[in-house]
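What follows is the content of coords23.txt (compact mmCIF, C-alpha atoms).
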```
# COMPACT_ATOMS: atom_id res chain seq x y z
CA MET A 2 0.00 0.00 0.00
CA ASN A 3 1.60 3.27 -1.08
CA PHE A 4 0.85 6.54 0.69
CA SER A 5 2.84 9.64 1.43
CA LEU A 6 3.98 10.90 4.84
CA PRO A 7 1.38 13.65 4.92
CA ASP A 8 -1.27 11.08 4.27
CA PHE A 9 0.10 8.92 7.08
CA CYS A 10 0.21 11.77 9.43
CA ARG A 11 -3.18 12.97 8.41
CA LYS A 12 -4.53 9.53 9.01
CA TRP A 13 -2.77 8.89 12.35
CA SER A 14 -2.57 12.50 13.65
CA CYS A 15 1.18 12.55 14.17
CA ARG A 16 1.98 16.20 14.19
CA GLY A 17 4.19 15.96 17.25
CA TYR A 18 6.09 13.04 15.76
CA MET A 19 6.79 15.05 12.61
CA SER A 20 8.32 17.96 14.56
CA ALA A 21 10.55 15.59 16.59
CA GLY A 22 11.66 13.72 13.51
CA ALA A 23 12.49 16.93 11.69
CA ALA A 24 14.70 18.03 14.60
CA MET A 25 16.61 14.77 14.57
CA VAL A 26 17.20 14.91 10.86
CA THR A 27 18.52 18.46 11.16
CA VAL A 28 21.02 17.42 13.87
CA VAL A 29 22.34 14.44 11.90
CA LEU A 30 22.78 16.45 8.74
CA GLY A 31 24.60 19.17 10.66
CA LEU A 32 27.08 16.73 12.14
CA SER A 33 27.78 15.03 8.84
CA LEU A 34 28.33 18.30 6.97
CA ALA A 35 30.59 19.89 9.67
CA PRO A 36 34.27 20.32 8.65
CA ALA A 37 36.98 18.02 9.99
CA GLY A 38 38.45 20.69 12.28
CA ALA A 39 35.12 21.31 13.85
CA ARG A 40 34.69 17.65 14.77
CA LYS A 41 37.70 17.72 17.10
CA TYR A 42 35.44 18.29 20.04
CA ALA A 43 32.10 16.71 20.67
CA ALA A 44 29.14 18.82 19.76
CA PRO A 45 27.38 20.26 22.73
CA LEU A 46 24.13 18.84 21.41
CA ASP A 47 25.50 15.35 20.91
CA LEU A 48 22.96 13.87 23.27
CA PHE A 49 22.94 10.41 21.79
CA GLY A 50 26.69 9.91 21.16
CA PHE A 51 26.64 10.04 17.38
CA GLY A 52 29.78 12.19 17.20
CA PRO A 53 33.24 10.71 16.73
CA PRO A 54 35.26 9.86 19.91
CA ARG A 55 37.79 12.40 21.17
CA PRO A 56 41.40 11.42 20.67
CA ARG A 57 43.45 10.73 23.86
CA GLY A 58 46.80 12.39 24.50
CA THR A 59 50.03 10.48 24.09
CA VAL A 60 51.48 9.10 27.38
CA HIS A 61 55.25 9.49 27.62
CA PRO A 62 57.19 7.39 30.21
CA ALA A 63 58.90 9.37 33.00
CA LYS A 64 62.62 9.68 32.68
CA ILE A 65 64.19 8.57 36.03
CA PRO A 66 67.94 9.07 36.34
CA ALA A 67 69.97 5.98 37.05
CA LYS A 68 71.60 7.53 40.18
CA ILE A 69 69.82 9.97 42.45
CA PRO A 70 72.21 12.67 43.69
CA LEU A 71 72.48 12.94 47.50
CA PRO A 72 73.38 16.07 49.52
CA ARG A 73 77.02 16.50 50.45
CA PRO A 74 78.01 15.53 54.03
CA ARG A 75 78.26 18.24 56.63
CA PRO A 76 81.84 19.41 57.33
CA GLU A 77 83.17 18.45 60.75
CA ASP A 78 84.45 21.93 61.54
CA VAL A 79 81.03 23.48 61.25
CA PRO A 80 79.64 24.17 64.78
CA LYS A 81 76.57 22.28 65.73
CA GLU A 82 73.35 24.16 65.98
CA VAL A 83 72.41 25.12 69.49
CA ALA A 84 68.87 24.34 70.43
CA LYS A 85 66.90 27.50 70.38
CA PRO A 86 65.41 28.38 73.74
CA VAL A 87 61.68 28.14 73.90
CA PRO A 88 60.34 31.63 74.13
CA GLU A 89 58.77 32.31 77.44
CA ARG A 90 55.11 32.84 77.49
CA PRO A 91 54.31 36.46 78.20
CA ALA A 92 52.75 37.09 81.52
CA ALA A 93 49.79 38.74 79.84
CA GLU A 94 48.84 35.45 78.17
CA GLU A 95 48.89 33.46 81.40
CA LYS A 96 45.47 32.84 82.80
CA PRO A 97 44.89 34.04 86.29
CA ALA A 98 44.63 31.44 89.00
CA ALA A 99 41.10 32.53 89.68
CA ASP A 100 40.01 31.13 86.31
CA LYS A 101 41.19 27.63 87.20
CA PRO A 102 38.58 25.35 88.75
CA ALA A 103 39.06 25.05 92.49
CA GLY A 104 39.85 21.46 93.54
CA PRO A 105 38.77 19.84 96.83
CA ALA A 106 40.18 21.68 99.81
CA ALA A 107 42.88 19.78 101.69
CA PRO A 108 41.81 18.76 105.22
CA PRO A 109 43.33 20.98 107.88
CA GLU A 110 46.32 19.49 109.63
CA LYS A 111 45.38 18.10 113.03
CA GLN A 112 47.12 19.89 115.85
CA ALA A 113 48.87 17.88 118.54
CA SER A 114 47.19 17.81 121.93
CA ALA A 115 48.82 19.04 125.12
CA CYS A 116 49.26 15.44 126.24
CA ARG A 117 50.95 14.55 122.97
CA LEU A 118 53.36 17.47 123.30
CA ALA A 119 54.20 16.50 126.90
CA LEU A 120 54.72 12.79 126.20
CA THR A 121 58.15 13.15 124.63
CA GLU A 122 60.74 10.48 123.85
CA GLU A 123 62.47 11.31 127.12
CA ILE A 124 59.45 9.85 128.95
CA ALA A 125 58.14 7.10 126.67
CA ILE A 126 58.48 5.65 123.19
CA ALA A 127 54.89 6.13 122.12
CA PRO A 128 54.35 7.08 118.46
CA SER A 129 50.97 8.48 117.52
CA ILE A 130 48.56 6.35 115.49
CA PRO A 131 45.44 7.33 113.49
CA ASP A 132 42.11 7.63 115.25
CA ILE A 133 40.08 4.43 115.50
CA ARG A 134 36.37 4.44 114.63
CA GLY A 135 35.05 1.00 115.46
CA PRO A 136 31.53 -0.40 115.84
CA GLY A 137 29.49 0.49 118.89
CA ALA A 138 31.53 3.60 119.86
CA CYS A 139 34.75 1.58 120.01
CA GLY A 140 38.03 3.38 119.49
CA GLY A 141 38.94 6.96 120.23
CA GLU A 142 41.12 9.92 119.35
CA ASP A 143 44.63 11.01 120.31
CA LEU A 144 45.87 7.40 120.38
CA VAL A 145 49.45 6.19 120.81
CA ARG A 146 51.26 2.86 120.67
CA LEU A 147 53.14 2.57 123.95
CA GLU A 148 56.26 0.55 123.13
CA ALA A 149 58.61 1.42 126.00
CA ILE A 150 58.90 3.61 129.07
CA VAL A 151 62.11 5.58 129.58
CA LEU A 152 63.28 5.66 133.19
CA PRO A 153 65.00 8.71 134.68
CA ASP A 154 68.37 6.95 134.27
CA LYS A 155 67.64 6.54 130.49
CA ARG A 156 66.98 2.82 130.78
CA LYS A 157 63.96 1.53 128.90
CA VAL A 158 61.16 -0.68 130.20
CA GLN A 159 59.80 -2.61 127.24
CA VAL A 160 56.00 -3.00 127.08
CA LYS A 161 55.37 -6.53 125.75
CA PRO A 162 53.37 -6.49 123.61
CA ALA A 163 53.05 -2.80 122.75
CA ALA A 164 49.83 -1.29 124.13
CA ILE A 165 47.31 0.76 122.13
CA LEU A 166 46.14 3.46 124.54
CA ARG A 167 44.85 6.98 124.68
CA CYS A 168 47.56 9.52 125.28
CA GLY A 169 46.28 10.30 128.79
CA MET A 170 46.28 6.63 129.82
CA ALA A 171 49.74 6.05 128.34
CA SER A 172 51.07 9.08 130.21
CA ALA A 173 49.58 7.79 133.50
CA ILE A 174 51.20 4.37 133.00
CA ALA A 175 54.56 5.98 132.26
CA ASP A 176 54.41 8.16 135.39
CA TRP A 177 53.44 5.15 137.53
CA VAL A 178 56.36 3.06 136.31
CA ARG A 179 58.89 5.88 136.53
CA SER A 180 57.82 7.21 139.95
CA ASP A 181 56.59 4.14 141.86
CA MET A 182 57.71 0.89 140.28
CA ALA A 183 61.29 1.88 139.51
CA PRO A 184 62.06 2.71 143.18
CA LEU A 185 60.30 -0.52 144.19
CA ALA A 186 62.61 -2.53 141.94
CA ALA A 187 65.61 -0.61 143.25
CA SER A 188 64.70 -1.71 146.78
CA LEU A 189 65.05 -5.28 145.51
CA GLY A 190 68.51 -4.58 144.16
CA SER A 191 67.59 -4.50 140.47
CA THR A 192 65.79 -2.49 137.78
CA ILE A 193 62.66 -3.12 135.72
CA SER A 194 63.24 -4.43 132.21
CA ASP A 195 59.78 -5.52 130.95
CA LEU A 196 56.12 -4.85 131.67
CA ASP A 197 53.81 -7.80 130.96
CA ASN A 198 50.84 -6.33 129.07
CA PHE A 199 47.94 -8.77 129.38
CA ASP A 200 45.45 -6.64 127.38
CA SER A 201 45.05 -3.06 126.14
CA PHE A 202 42.72 -1.89 123.35
CA GLU A 203 40.05 -4.43 122.41
CA CYS A 204 36.59 -3.64 121.06
CA ARG A 205 34.44 -5.67 123.46
CA GLY A 206 32.00 -5.50 126.35
CA ARG A 207 32.92 -5.74 129.99
CA ASN A 208 34.47 -9.08 130.93
CA ARG A 209 33.94 -10.16 127.29
CA ILE A 210 30.22 -10.71 127.93
CA VAL A 211 28.04 -10.36 124.82
CA GLY A 212 25.61 -7.47 125.23
CA ALA A 213 27.38 -5.98 128.25
CA MET A 214 28.33 -2.31 128.52
CA LEU A 215 31.34 -1.22 126.53
CA SER A 216 34.55 -1.89 128.42
CA GLU A 217 37.18 0.78 128.92
CA HIS A 218 39.38 -1.50 126.85
CA GLY A 219 37.07 -0.72 123.91
CA ARG A 220 37.82 2.98 124.44
CA ALA A 221 41.60 2.39 124.62
CA ASN A 222 41.46 3.69 128.19
CA ALA A 223 42.51 0.58 130.14
CA LEU A 224 45.50 -1.69 130.65
CA ASP A 225 45.73 -5.14 132.24
CA VAL A 226 49.08 -5.75 133.94
CA ARG A 227 50.13 -9.24 134.95
CA ALA A 228 53.75 -8.94 136.07
CA PHE A 229 57.03 -7.04 135.97
CA LYS A 230 60.31 -8.58 134.93
CA LEU A 231 63.53 -7.38 136.52
CA ALA A 232 66.94 -7.10 134.93
CA ASN A 233 68.27 -9.92 137.14
CA GLY A 234 65.70 -12.31 135.65
CA GLN A 235 63.26 -12.20 138.56
CA SER A 236 59.58 -11.86 137.76
CA ILE A 237 57.17 -10.06 140.10
CA GLY A 238 53.63 -11.34 139.58
CA LEU A 239 51.15 -8.87 141.01
CA THR A 240 48.73 -11.66 141.95
CA ASP A 241 51.37 -14.27 142.83
CA ARG A 242 50.91 -15.34 146.46
CA THR A 243 54.53 -16.42 146.66
CA VAL A 244 55.57 -12.77 146.28
CA PRO A 245 55.92 -11.11 149.70
CA ARG A 246 52.66 -9.57 150.88
CA GLU A 247 54.34 -6.26 151.76
CA LEU A 248 55.58 -5.88 148.20
CA ARG A 249 52.14 -6.49 146.72
CA GLU A 250 50.55 -4.05 149.16
CA ARG A 251 52.96 -1.32 148.03
CA VAL A 252 51.83 -1.88 144.44
CA LEU A 253 48.18 -1.80 145.57
CA HIS A 254 48.54 1.59 147.29
CA SER A 255 50.39 3.09 144.33
CA VAL A 256 47.84 2.10 141.67
CA CYS A 257 44.78 3.00 143.76
CA ALA A 258 46.19 6.51 144.21
CA ARG A 259 46.72 7.03 140.47
CA PHE A 260 43.89 5.27 138.61
CA SER A 261 40.13 5.60 138.94
CA THR A 262 39.49 1.84 138.60
CA VAL A 263 41.61 -0.99 140.04
CA LEU A 264 40.32 -4.57 139.85
CA GLY A 265 42.22 -7.59 141.06
CA PRO A 266 41.74 -10.80 143.05
CA GLY A 267 38.60 -10.64 145.16
CA SER A 268 36.71 -8.27 142.82
CA ASP A 269 35.41 -11.05 140.57
CA TRP A 270 36.80 -14.24 139.14
CA TYR A 271 37.66 -12.44 135.87
CA HIS A 272 40.61 -10.67 137.54
CA GLU A 273 42.22 -13.41 139.61
CA ASP A 274 45.42 -13.54 137.54
CA HIS A 275 46.00 -9.87 136.60
CA ILE A 276 45.32 -6.26 137.66
CA HIS A 277 42.95 -4.05 135.64
CA LEU A 278 43.76 -0.32 135.51
CA ASP A 279 41.76 2.43 133.80
CA LEU A 280 40.90 6.14 133.97
CA MET A 281 37.12 5.95 133.66
CA GLN A 282 35.40 9.23 134.49
CA ARG A 283 32.56 8.89 137.02
CA ARG A 284 30.29 11.29 138.79
CA ASN A 285 31.91 13.16 141.69
CA ASP A 286 35.26 11.60 140.76
CA TYR A 287 34.16 8.26 142.24
CA ARG A 288 36.91 5.63 142.37
CA ILE A 289 36.90 1.84 142.63
CA CYS A 290 39.78 -0.09 144.21
CA GLN A 291 38.96 -3.78 144.63
CA TRP A 292 42.06 -5.90 145.15
CA ASN A 293 42.47 -8.34 147.99
CA VAL A 294 46.10 -9.05 148.74
CA TRP A 295 45.94 -12.66 149.84
CA ASP A 296 48.30 -14.10 152.42
CA PRO A 297 51.10 -16.31 151.15
CA LEU A 298 50.37 -20.00 150.99
CA PRO A 299 51.76 -22.06 153.89
CA GLN A 300 55.12 -23.53 153.21
CA VAL A 301 54.36 -26.76 155.15
CA ALA A 302 51.09 -28.64 154.99
CA PRO A 303 49.09 -28.81 158.25
CA LEU A 304 49.66 -31.85 160.47
CA LEU A 305 47.39 -34.85 159.91
CA PRO A 306 45.77 -36.79 162.79
CA ALA A 307 47.97 -39.46 164.35
CA GLU A 308 47.61 -42.99 163.13
CA ARG A 309 45.51 -45.47 165.18
CA PRO A 310 47.66 -47.59 167.46
CA GLU A 311 47.89 -51.21 166.51
CA GLU A 312 46.99 -52.41 170.03
CA ALA A 313 43.71 -50.47 170.02
CA PRO A 314 40.56 -52.60 169.77
CA PRO A 315 38.61 -52.57 166.49
CA ARG A 316 36.15 -49.72 166.01
CA GLU A 317 33.08 -52.04 166.32
CA VAL A 318 34.24 -53.40 169.68
CA ALA A 319 34.96 -49.90 170.99
CA ALA A 320 31.53 -48.68 170.01
CA LYS A 321 29.81 -51.70 171.68
CA SER A 322 31.71 -51.22 174.90
CA GLY A 323 30.57 -47.61 175.00
CA GLU A 324 26.92 -48.63 174.71
CA ASP A 325 27.29 -51.20 177.53
CA LYS A 326 28.77 -48.56 179.78
CA GLU A 327 25.80 -46.26 179.23
CA GLY A 328 23.35 -49.10 180.05
CA VAL A 329 25.09 -49.82 183.33
CA GLU A 330 24.87 -46.18 184.35
CA GLN A 331 21.14 -46.07 183.58
CA GLY A 332 20.50 -49.26 185.63
CA ASP A 333 22.22 -47.83 188.64
CA ALA A 334 20.06 -44.75 188.48
CA ALA A 335 16.86 -46.83 188.35
CA LYS A 336 17.83 -48.83 191.43
CA SER A 337 18.36 -45.66 193.43
CA GLY A 338 14.76 -44.56 192.59
CA SER A 339 15.73 -41.28 191.07
CA GLN A 340 16.33 -40.20 187.54
CA PRO A 341 19.16 -37.92 186.55
CA ASP A 342 18.29 -34.36 185.71
CA GLU A 343 14.67 -34.70 186.90
CA PRO A 344 12.84 -31.41 186.35
CA ALA A 345 11.22 -29.58 189.23
CA GLY A 346 7.55 -30.21 189.94
CA GLY A 347 7.68 -33.93 189.31
CA ALA A 348 7.25 -33.59 185.58
CA GLU A 349 8.66 -36.51 183.73
CA ALA A 350 11.50 -35.50 181.41
CA PRO A 351 11.71 -37.02 177.94
CA ARG A 352 14.28 -39.74 177.67
CA LYS A 353 17.07 -39.50 175.10
CA GLN A 354 17.90 -42.45 172.99
CA ALA A 355 21.46 -43.66 173.07
CA THR A 356 23.36 -42.96 169.82
CA LYS A 357 26.78 -43.97 168.59
CA LYS A 358 29.51 -41.40 168.84
CA ARG A 359 31.11 -40.21 165.65
CA ARG A 360 34.82 -39.78 165.36
```

Serialized structure, structure tokens:
Amino acid sequence: MNFSLPDFCRKWSCRGYMSAGAAMVTVVLGLSLAPAGARKYAAPLDLFGFGPPRPRGTVHPAKIPAKIPLPRPRPEDVPKEVAKPVPERPAAEEKPAADKPAGPAAPPEKQASACRLALTEEIAIAPSIPDIRGPGACGGEDLVRLEAIVLPDKRKVQVKPAAILRCGMASAIADWVRSDMAPLAASLGSTISDLDNFDSFECRGRNRIVGAMLSEHGRANALDVRAFKLANGQSIGLTDRTVPRELRERVLHSVCARFSTVLGPGSDWYHEDHIHLDLMQRRNDYRICQWNVWDPLPQVAPLLPAERPEEAPPREVAAKSGEDKEGVEQGDAAKSGSQPDEPAGGAEAPRKQATKKRR
């Protein structure tokens, strides 16, 4: 079937297709008729890539020399460079201290107490220790570890083991040893070398009873002393009954005059083998001194009853003869018509039954 383009378009109403086709034909004809020099670059309207490809430039290999020249070495006579000082920062650039964030303030230094200043190394070796904060109000402040007591002649009395005490209690112990116990040992011809510390600081109730009131040991305000050891090897036990009574009484009077509480033998069975000393504060300065200085034990045991002679009759025979003797005495009284120990007024007295005598 032959028909022309206008007829086709008239029949199918393709006006828009005709305008688009005409534009494409115009572009193709323009590219084909352009001179060779003009085709060097792609047409700006080459939307569909119909133009010829652009030629690429020639790549030439880099020329690298066979030997790379190095810098000449530095002459030895040339002085070495001195490091340049860092320029100081001008004061104007420094930030004031007020701009810096304030850190946590350091705790103020704890000042020494009057007791601590007085308890010098000429009196006792007692270094300070940190405060103790235990359960149930245990512990305390101004604590020391009493290691030794220095006598006036510079000799040291070792505290074994070292005692944890408040400074006031440690000072009282040192004065007691220096002023009272040292002369007592001198009267025995020797000097004190050791103090037997039975107990010092211990967080516990009185007499170690659960639920009892807090002991002065829990406040580091008490010391239990068991004995003193002399330089000649002799040991003076404060509760030892073999120690002369006069010596123990001198110790009793000295401690009761210095400490507010003294407990020893006779106070309770908890203190039969040591002496408890403390500085407990009570109302009206009330003091307790309970220490019975027992007499020394006898050196010889008491005499026992003499042994029964071999010629003595057996015990059964002796008892029977005693009963017969009583019966004879009663028969004699009946024959005489009178009764022994008859009460006045003729009243009949009750008769006592004969019993065996106990030996």

- [ ] Skip Gly267 (chain A) itself and residues of its chain fewer than 6 positions away, then list as a ChimeraX atom specification all residues within 7 Å of it, counting all atoms listed in the file.
- [x] /A:291-293

- [ ] Provide the CA of Glu203 (chain A) to CA of Arg167 (chain A) distance in Å, to one decimal place.
- [x] 12.6 Å

Open item on the list: As an exercise, work out the distance from CA of Val244 (chain A) to CA of Phe229 (chain A) in Å and give it to one decimal place.
Closed with: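 Calculated distance between CA of Val244 (chain A) and CA of Phe229 (chain A) is 11.9 Å.
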
Open item on the list: Between CA of Arg246 (chain A) and CA of Asp225 (chain A), what distance in Å does the model show, to one decimal?
Closed with: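 The value is 20.4 Å.
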
Open item on the list: Env of Tyr271 (chain A): 9 Å cut, atoms = all atoms listed in the file, seq-sep filter 5 positions within chain, self excluded. Answer as an MDAnalysis selection string.
Closed with: chainID A and resid 208 265:266

TODO: Determine the nearest neighbour of Ile126 (chain A) from the options A:Gln159, A:Ser194, A:Ser188, A:Ser180, counting all atoms listed in the file.
DONE: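 Among A:Gln159, A:Ser194, A:Ser188, A:Ser180, it is A:Gln159 that comes nearest to Ile126 (chain A).
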
Open item on the list: Using only C-alpha atoms, which protein or nucleic acid residues come within 6 Å of Ile150 (chain A)? Drop anything in the same chain fewer than 6 positions from it, and give the result as a list in words.
Closed with: Ala125, Lys157, Val158 and Ala175 of chain A

Selection file, C-alpha atoms, as a PDB file, keeping the file's coordinate frame:
```pdb
ATOM      1  CA  ALA A 125      58.140   7.100 126.670  1.00  0.00           C
ATOM      2  CA  LYS A 157      63.960   1.530 128.900  1.00  0.00           C
ATOM      3  CA  VAL A 158      61.160  -0.680 130.200  1.00  0.00           C
ATOM      4  CA  ALA A 175      54.560   5.980 132.260  1.00  0.00           C
TER       5      ALA A 175
END
```

Axis-aligned box over every listed atom of region 176-193 of chain A, padded by 8 Å per side: centre and edges in Å to one decimal, as lines of an AutoDock Vina configuration file?
```
center_x = 61.0
center_y = 1.4
center_z = 141.1
size_x = 31.1
size_y = 29.4
size_z = 27.4
```

- [ ] Please provide the set of residues having any atom within 9 Å of Gly190 (chain A), restricted to all atoms listed in the file, with same-chain residues fewer than 3 positions apart removed, written as a PyMOL selection string.
- [x] chain A and resi 186-187+233
